[in-house]
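J.: You'll find final_32.csv just under this line, and it carries CSV, C-alpha atoms.
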chain,number,residue,atom,x,y,z
A,9,MET,CA,-24.1,49.2,-19.2
A,10,ALA,CA,-23.4,52.1,-17.0
A,11,ALA,CA,-20.8,54.4,-18.5
A,12,ARG,CA,-17.5,54.6,-16.7
A,13,VAL,CA,-15.7,57.9,-17.2
A,14,VAL,CA,-13.0,59.6,-15.2
A,15,VAL,CA,-11.9,63.2,-15.4
A,16,ASN,CA,-8.9,64.8,-13.7
A,17,VAL,CA,-9.3,68.6,-13.1
A,18,PRO,CA,-7.3,70.6,-10.5
A,19,ALA,CA,-9.7,71.6,-7.7
A,20,THR,CA,-8.2,75.1,-7.4
A,21,ALA,CA,-6.3,77.3,-9.8
A,22,LYS,CA,-5.0,80.9,-10.1
A,23,ARG,CA,-6.9,83.2,-12.5
A,24,GLY,CA,-5.3,83.1,-15.9
A,25,GLU,CA,-3.4,79.9,-15.2
A,26,VAL,CA,-3.3,77.2,-17.9
A,27,ILE,CA,-4.6,74.0,-16.4
A,28,GLU,CA,-4.3,70.5,-17.8
A,29,ILE,CA,-7.4,68.3,-18.0
A,30,ARG,CA,-7.2,64.6,-18.5
A,31,THR,CA,-10.2,62.5,-19.3
A,32,LEU,CA,-10.7,58.8,-19.8
A,33,ALA,CA,-13.8,56.9,-20.9
A,34,GLY,CA,-14.2,53.2,-20.3
A,35,HIS,CA,-15.2,51.9,-23.7
A,36,GLU,CA,-14.1,49.0,-26.0
A,37,MET,CA,-13.9,51.2,-29.1
A,38,GLU,CA,-14.7,48.2,-31.3
A,39,THR,CA,-13.3,49.1,-34.7
A,40,GLY,CA,-15.6,47.1,-37.0
A,41,PHE,CA,-12.7,45.4,-38.6
A,42,ARG,CA,-12.2,42.5,-36.2
A,43,ARG,CA,-13.8,39.1,-36.7
A,44,THR,CA,-14.8,36.4,-34.1
A,45,ASP,CA,-13.1,33.0,-34.3
A,46,ARG,CA,-16.0,32.0,-36.5
A,47,GLY,CA,-15.2,34.7,-39.0
A,48,VAL,CA,-18.2,36.8,-38.2
A,49,LEU,CA,-17.5,40.5,-38.4
A,50,ILE,CA,-17.9,42.4,-35.1
A,51,PRO,CA,-20.0,45.5,-35.8
A,52,ARG,CA,-18.4,48.9,-35.1
A,53,ASP,CA,-19.1,50.4,-31.7
A,54,ILE,CA,-17.1,53.5,-30.8
A,55,ILE,CA,-17.4,56.9,-29.1
A,56,THR,CA,-17.5,59.4,-31.9
A,57,ARG,CA,-17.6,62.8,-30.2
A,58,PHE,CA,-16.2,64.4,-27.0
A,59,VAL,CA,-17.1,67.9,-25.8
A,60,CYS,CA,-15.9,70.0,-22.9
A,61,THR,CA,-17.8,73.1,-21.7
A,62,TYR,CA,-16.6,75.6,-19.1
A,63,ASN,CA,-19.5,77.3,-17.4
A,64,GLY,CA,-21.6,76.5,-20.5
A,65,VAL,CA,-19.1,77.7,-23.1
A,66,GLU,CA,-17.5,75.1,-25.3
A,67,VAL,CA,-13.7,75.2,-24.8
A,68,PHE,CA,-12.7,71.9,-26.4
A,69,SER,CA,-14.2,69.2,-28.6
A,70,ALA,CA,-12.9,66.2,-30.5
A,71,ASP,CA,-14.1,63.8,-33.2
A,72,LEU,CA,-12.9,60.3,-32.5
A,73,HIS,CA,-12.4,57.5,-35.1
A,74,PRO,CA,-11.8,53.7,-35.0
A,75,ALA,CA,-8.0,54.3,-34.8
A,76,MET,CA,-8.4,55.6,-31.2
A,77,ALA,CA,-7.2,53.1,-28.6
A,78,ALA,CA,-9.7,51.3,-26.4
A,79,ASN,CA,-10.7,53.4,-23.3
A,80,PRO,CA,-10.0,56.7,-25.1
A,81,LEU,CA,-7.8,59.1,-23.2
A,82,ILE,CA,-7.9,62.7,-24.1
A,83,SER,CA,-5.7,65.3,-22.4
A,84,PHE,CA,-5.9,69.0,-23.2
A,85,THR,CA,-5.4,72.4,-21.6
A,86,THR,CA,-7.6,75.4,-20.8
A,87,ILE,CA,-7.2,78.8,-19.1
A,88,ALA,CA,-8.8,79.0,-15.6
A,89,THR,CA,-11.0,82.1,-16.1
A,90,GLU,CA,-13.5,81.9,-13.3
A,91,SER,CA,-14.9,79.5,-10.6
A,92,GLY,CA,-17.5,77.2,-11.8
A,93,THR,CA,-18.0,73.8,-13.4
A,94,LEU,CA,-16.5,72.0,-16.3
A,95,GLU,CA,-18.9,69.6,-18.1
A,96,PHE,CA,-17.7,66.7,-20.2
A,97,LYS,CA,-19.9,64.8,-22.6
A,98,TRP,CA,-19.1,61.7,-24.7
A,99,THR,CA,-21.4,60.4,-27.4
A,100,GLY,CA,-21.1,57.5,-29.8
A,101,ASP,CA,-22.6,54.6,-31.7
A,102,ASN,CA,-25.6,52.7,-30.5
A,103,GLY,CA,-26.8,55.6,-28.4
A,104,TYR,CA,-23.8,55.7,-26.2
A,105,SER,CA,-23.8,58.8,-24.0
A,106,ALA,CA,-21.9,59.7,-20.9
A,107,THR,CA,-21.5,62.9,-18.9
A,108,GLN,CA,-19.3,64.0,-16.1
A,109,SER,CA,-18.7,67.3,-14.4
A,110,ALA,CA,-16.0,68.8,-12.2
A,111,ALA,CA,-16.0,71.9,-10.0
A,112,ILE,CA,-13.1,74.4,-10.1
A,113,ASN,CA,-12.3,77.1,-7.7
A,114,VAL,CA,-10.4,80.0,-9.3
A,115,THR,CA,-8.7,82.6,-7.1
B,1,MET,CA,-5.6,11.6,-68.1
B,2,THR,CA,-4.0,14.5,-66.1
B,3,THR,CA,-0.4,14.9,-66.9
B,4,ARG,CA,2.1,15.9,-64.1
B,5,ARG,CA,2.7,19.2,-65.9
B,6,GLY,CA,-1.0,20.0,-66.3
B,7,PHE,CA,-1.6,19.1,-62.6
B,8,LEU,CA,1.1,21.4,-61.4
B,9,LEU,CA,-0.1,24.3,-63.6
B,10,ALA,CA,-3.6,23.8,-62.3
B,11,LEU,CA,-2.3,23.8,-58.7
B,12,GLY,CA,-0.3,27.0,-59.4
B,13,SER,CA,-3.4,28.8,-60.8
B,14,ILE,CA,-5.5,27.8,-57.8
B,15,ALA,CA,-2.9,29.1,-55.4
B,16,ALA,CA,-2.6,32.4,-57.3
B,17,GLY,CA,-6.4,32.7,-57.4
B,18,ASP,CA,-6.6,32.3,-53.6
B,19,ALA,CA,-4.0,34.9,-53.0
B,20,LEU,CA,-5.8,37.3,-55.2
B,21,ALA,CA,-9.1,36.7,-53.5
B,22,GLN,CA,-7.6,37.4,-50.1
B,23,LEU,CA,-5.4,40.4,-50.7
B,24,PRO,CA,-7.1,43.4,-52.3
B,25,PRO,CA,-4.9,44.4,-55.3
B,26,ASN,CA,-2.4,47.2,-54.7
B,27,ILE,CA,-3.1,47.6,-51.0
B,28,ALA,CA,-0.3,50.2,-50.6
B,29,ALA,CA,-1.9,52.4,-53.2
B,30,LEU,CA,-5.4,52.0,-51.6
B,31,ARG,CA,-3.9,53.0,-48.2
B,32,GLN,CA,-2.2,56.0,-49.7
B,33,ALA,CA,-5.4,57.0,-51.4
B,34,ALA,CA,-7.3,56.7,-48.1
B,35,LEU,CA,-4.7,58.8,-46.3
B,36,ASP,CA,-4.7,61.5,-49.0
B,37,GLU,CA,-8.5,61.5,-48.9
B,38,GLY,CA,-8.6,61.9,-45.1
B,39,VAL,CA,-6.0,64.8,-45.2
B,40,ARG,CA,-7.9,66.5,-48.1
B,41,LYS,CA,-11.1,66.3,-46.0
B,42,VAL,CA,-9.6,68.4,-43.2
B,43,THR,CA,-7.5,70.7,-45.3
B,44,GLY,CA,-9.9,71.3,-48.2
B,45,GLY,CA,-6.9,70.9,-50.6
B,46,ALA,CA,-4.8,73.6,-48.9
B,47,GLN,CA,-1.1,73.2,-48.8
B,48,VAL,CA,0.3,71.5,-45.7
B,49,ARG,CA,3.8,72.7,-44.7
B,50,PRO,CA,6.1,70.9,-42.4
B,51,GLY,CA,7.0,72.8,-39.2
B,52,LYS,CA,5.5,74.4,-36.0
B,53,VAL,CA,4.0,71.1,-35.0
B,54,LYS,CA,5.8,68.6,-32.7
B,55,LEU,CA,4.5,65.1,-32.6
B,56,ASP,CA,5.8,63.0,-29.7
B,57,ILE,CA,5.4,59.3,-30.1
B,58,PRO,CA,7.7,56.4,-29.3
B,59,PRO,CA,9.7,55.4,-32.4
B,60,LEU,CA,9.5,51.7,-31.5
B,61,ILE,CA,6.1,50.4,-30.4
B,62,ASP,CA,5.7,47.0,-28.8
B,63,ASN,CA,2.0,47.0,-28.8
B,64,GLY,CA,0.1,48.9,-31.5
B,65,ASN,CA,-3.2,48.7,-29.7
B,66,THR,CA,-2.3,51.5,-27.3
B,67,VAL,CA,0.2,54.0,-28.5
B,68,PRO,CA,0.5,57.2,-26.4
B,69,LEU,CA,1.1,60.3,-28.4
B,70,THR,CA,1.3,64.1,-27.7
B,71,VAL,CA,1.0,66.9,-30.2
B,72,THR,CA,2.2,70.4,-29.3
B,73,VAL,CA,2.0,73.4,-31.7
B,74,GLU,CA,4.0,76.6,-31.5
B,75,SER,CA,1.4,79.3,-31.2
B,76,PRO,CA,0.8,82.3,-28.9
B,77,MET,CA,-2.9,81.1,-28.6
B,78,THR,CA,-4.3,84.7,-28.7
B,79,GLU,CA,-7.7,85.7,-30.3
B,80,ALA,CA,-5.8,86.8,-33.4
B,81,ASP,CA,-3.4,83.9,-33.8
B,82,HIS,CA,-4.3,80.5,-32.4
B,83,VAL,CA,-4.6,76.9,-33.4
B,84,LYS,CA,-8.1,76.0,-34.5
B,85,ALA,CA,-7.7,72.2,-34.8
B,86,ILE,CA,-5.3,69.4,-34.5
B,87,HIS,CA,-5.7,66.3,-36.6
B,88,VAL,CA,-3.8,63.0,-36.3
B,89,PHE,CA,-3.5,60.4,-39.0
B,90,THR,CA,-1.7,57.0,-39.4
B,91,GLU,CA,-0.5,55.8,-42.7
B,92,LYS,CA,-1.2,52.0,-42.5
B,93,ASN,CA,-4.6,51.8,-40.7
B,94,PRO,CA,-7.7,50.7,-42.7
B,95,GLN,CA,-9.1,54.1,-41.7
B,96,PRO,CA,-6.3,56.5,-41.3
B,97,PHE,CA,-8.1,59.2,-39.2
B,98,VAL,CA,-7.3,58.9,-35.4
B,99,ILE,CA,-8.7,62.1,-33.9
B,100,GLY,CA,-9.7,65.6,-34.9
B,101,ALA,CA,-9.5,68.0,-31.9
B,102,HIS,CA,-11.0,71.5,-32.0
B,103,LEU,CA,-9.6,74.1,-29.7
B,104,GLY,CA,-9.3,77.9,-29.5
B,105,PRO,CA,-7.6,80.8,-27.7
B,106,ARG,CA,-9.1,79.6,-24.4
B,107,ALA,CA,-6.9,76.5,-24.4
B,108,GLY,CA,-3.9,78.7,-23.4
B,109,ARG,CA,-1.5,76.2,-24.9
B,110,ALA,CA,-1.9,74.1,-28.1
B,111,LYS,CA,-1.3,70.7,-26.6
B,112,LEU,CA,-3.2,67.4,-27.1
B,113,ALA,CA,-2.4,64.0,-25.7
B,114,THR,CA,-4.2,60.8,-26.5
B,115,ARG,CA,-3.7,57.1,-27.3
B,116,ALA,CA,-4.0,55.6,-30.8
B,117,ARG,CA,-4.2,52.2,-32.5
B,118,ILE,CA,-1.5,51.7,-35.1
B,119,ALA,CA,-1.8,48.8,-37.4
B,120,ASP,CA,1.6,48.6,-38.9
B,121,THR,CA,5.1,50.1,-39.3
B,122,GLY,CA,4.7,53.4,-41.1
B,123,LYS,CA,4.2,57.1,-40.7
B,124,VAL,CA,2.1,59.0,-38.2
B,125,ILE,CA,1.1,62.5,-39.2
B,126,ALA,CA,-0.1,65.4,-37.1
B,127,ILE,CA,-1.7,68.4,-38.8
B,128,ALA,CA,-2.5,71.7,-37.2
B,129,GLU,CA,-5.0,74.2,-38.6
B,130,MET,CA,-4.2,77.8,-37.7
B,131,SER,CA,-6.7,80.7,-37.3
B,132,ASP,CA,-5.2,82.3,-40.4
B,133,GLY,CA,-6.1,79.2,-42.5
B,134,SER,CA,-2.6,77.8,-42.9
B,135,PHE,CA,-1.8,74.1,-42.2
B,136,TRP,CA,1.4,72.8,-40.6
B,137,SER,CA,2.4,69.2,-40.0
B,138,ASP,CA,4.9,66.9,-38.4
B,139,THR,CA,5.5,63.3,-39.6
B,140,VAL,CA,7.1,60.6,-37.5
B,141,SER,CA,8.0,57.1,-38.8
B,142,VAL,CA,7.3,54.4,-36.2
B,143,VAL,CA,8.1,50.7,-36.0
B,144,VAL,CA,5.3,48.4,-34.7
B,145,THR,CA,6.2,44.9,-33.5
B,146,LEU,CA,2.7,43.8,-32.4
B,147,SER,CA,0.1,45.2,-34.8
B,148,ALA,CA,-3.3,46.5,-33.6
B,149,CYS,CA,-6.2,44.5,-35.0
B,150,LEU,CA,-4.6,41.2,-34.3
B,151,GLU,CA,-5.7,40.4,-30.8
B,152,ASP,CA,-5.9,37.2,-28.8
B,153,GLY,CA,-8.3,34.7,-30.4
B,154,LEU,CA,-9.8,37.3,-32.7
B,155,ILE,CA,-7.7,37.1,-35.8
Kindly return the structure encoded in the file as structure tokens.
T.:
Amino acid sequence: MAARVVVNVPATAKRGEVIEIRTLAGHEMETGFRRTDRGVLIPRDIITRFVCTYNGVEVFSADLHPAMAANPLISFTTIATESGTLEFKWTGDNGYSATQSAAINVT
Amino acid sequence: MTTRRGFLLALGSIAAGDALAQLPPNIAALRQAALDEGVRKVTGGAQVRPGKVKLDIPPLIDNGNTVPLTVTVESPMTEADHVKAIHVFTEKNPQPFVIGAHLGPRAGRAKLATRARIADTGKVIAIAEMSDGSFWSDTVSVVVTLSACLEDGLI
């Protein structure tokens, strides 16, 4: 299944400005606690880690757990220091991996 | 021959046995232990003081499957004094840990927004780890009408 991820980063920002970044990954986040109508336990399948790097430097990361809602949304802030790219990476169970990048122009 | 009294007693013990088989004994204590264990893992046994942290979450939740929440922490976010991590726990989930976010002075503001699953009416706890090694927390009691984990056809 192709990973569906969305990031929202302002295209331009003033130097030193605090920008808000919103990210969303399309994922069931199966908890491993649910059963089918036949009583079979559905195995856990979640995203476990999210990392954001700004021009190669890690600025934010998070460890996710089964108590995260499906389609995990993570919103955080960072200071616009220089023009460049923000890279986002999600990894999880069963070899799940997704990446996305966004360019930012800092004036 | 089975007497009426004997039959009723037998019936009672079957019912009690079933109930015991389904419900783990002392579920409240187990949940509290799981929560304490989760908190201890992130704090390493350090004291957690209330204050500095603000957890925004609706007090009445219709659907526990997707609960928006925002954590903000009072901090200048400088190299010398910043928030290192924000952890969110729920009291009543089978696994209480929701998210552990790691940030630093480059965040500018200590703010995290996400969405959680909340299994039942109870407390939600946000803990912030400061660069000086201290821990601060905010606790909010929420009421959940539709629990997470009980979805259509998958009970």
J.: Counting all atoms listed in the file, which residues have an atom no more than 8 Å from (4.4, 72.1, -43.8) in the file's coordinates? Please list them as a PyMOL selection string.
T.: chain B and resi 47-51+135-138
J.: List as a PDB file with C-alpha atoms, in the coordinates of the input the protein and nucleic acid residues near Val15 (chain A), meaning an atom at most 7 Å away when all atoms listed in the file are counted, but skip any in the same chain fewer than 2 places from it.
T.:
ATOM      1  CA  VAL A  13     -15.700  57.900 -17.200  1.00  0.00           C
ATOM      2  CA  VAL A  17      -9.300  68.600 -13.100  1.00  0.00           C
ATOM      3  CA  ARG A  30      -7.200  64.600 -18.500  1.00  0.00           C
ATOM      4  CA  THR A  31     -10.200  62.500 -19.300  1.00  0.00           C
ATOM      5  CA  LEU A  32     -10.700  58.800 -19.800  1.00  0.00           C
TER       6      LEU A  32
END
J.: Up to 8 Å from chain A, what residues of chain B turn up? Count all atoms listed in the file and give them as a ChimeraX atom specification.
T.: /B:65-67,93,95-104,106-118,149-150,153-155
J.: Deliver the residues from the most recent selection as a file, using C-alpha atoms, as a tab-separated table (two decimals), in the coordinates of the input.
T.:
chain	number	residue	atom	x	y	z
B	65	ASN	CA	-3.20	48.70	-29.70
B	66	THR	CA	-2.30	51.50	-27.30
B	67	VAL	CA	0.20	54.00	-28.50
B	93	ASN	CA	-4.60	51.80	-40.70
B	95	GLN	CA	-9.10	54.10	-41.70
B	96	PRO	CA	-6.30	56.50	-41.30
B	97	PHE	CA	-8.10	59.20	-39.20
B	98	VAL	CA	-7.30	58.90	-35.40
B	99	ILE	CA	-8.70	62.10	-33.90
B	100	GLY	CA	-9.70	65.60	-34.90
B	101	ALA	CA	-9.50	68.00	-31.90
B	102	HIS	CA	-11.00	71.50	-32.00
B	103	LEU	CA	-9.60	74.10	-29.70
B	104	GLY	CA	-9.30	77.90	-29.50
B	106	ARG	CA	-9.10	79.60	-24.40
B	107	ALA	CA	-6.90	76.50	-24.40
B	108	GLY	CA	-3.90	78.70	-23.40
B	109	ARG	CA	-1.50	76.20	-24.90
B	110	ALA	CA	-1.90	74.10	-28.10
B	111	LYS	CA	-1.30	70.70	-26.60
B	112	LEU	CA	-3.20	67.40	-27.10
B	113	ALA	CA	-2.40	64.00	-25.70
B	114	THR	CA	-4.20	60.80	-26.50
B	115	ARG	CA	-3.70	57.10	-27.30
B	116	ALA	CA	-4.00	55.60	-30.80
B	117	ARG	CA	-4.20	52.20	-32.50
B	118	ILE	CA	-1.50	51.70	-35.10
B	149	CYS	CA	-6.20	44.50	-35.00
B	150	LEU	CA	-4.60	41.20	-34.30
B	153	GLY	CA	-8.30	34.70	-30.40
B	154	LEU	CA	-9.80	37.30	-32.70
B	155	ILE	CA	-7.70	37.10	-35.80
J.: Near Asn63 (chain A), counting all atoms listed in the file, which residues have an atom at most 7 Å away, once you skip same-chain residues fewer than 4 positions from it, shown as a PyMOL selection string?
T.: chain A and resi 92-94
J.: May I have the residues within 12 Å of Arg12 (chain A) as an MDAnalysis selection string, using all atoms listed in the file and disregarding those fewer than 2 positions away in the same chain?
T.: chainID A and resid 9:10 14:15 31:36 79:80 98 104:108
J.: What's the separation between CA of Thr115 (chain A) and CA of Ala21 (chain A), in Å to one decimal place?
T.: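 A separation of 6.4 Å between them.
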J.: Please report the interatomic distance between CA of His87 (chain B) and CA of Gly38 (chain B) in Å with one decimal.
T.: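 Value for the CA of His87 (chain B)-CA of Gly38 (chain B) distance: 10.0 Å.
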J.: For a quick check of your reading of the model, name the residues lying within 8 Å of the coordinate (5.4, 61.0, -24.1), counting only C-alpha atoms, and write them as a list in words.
T.: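 Final list of nearby residues, as requested, is Asp56, Ile57, Pro58, Pro68, Leu69 and Thr70 of chain B.
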J.: I'd like the interatomic distance between CA of Leu35 (chain B) and CA of Thr90 (chain B), to a tenth of an Å.
T.: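 We find that CA of Leu35 (chain B) and CA of Thr90 (chain B) lie 7.7 Å from each other.
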J.: Take every atom of region 70-75 of chain B listed in the file, pad by 3 Å on each side, and give me the axis-aligned box centre and edge lengths in Å, one decimal, as AutoDock Vina command-line options.
T.:
--center_x 2.5 --center_y 71.7 --center_z -29.7 --size_x 9.0 --size_y 21.2 --size_z 10.0
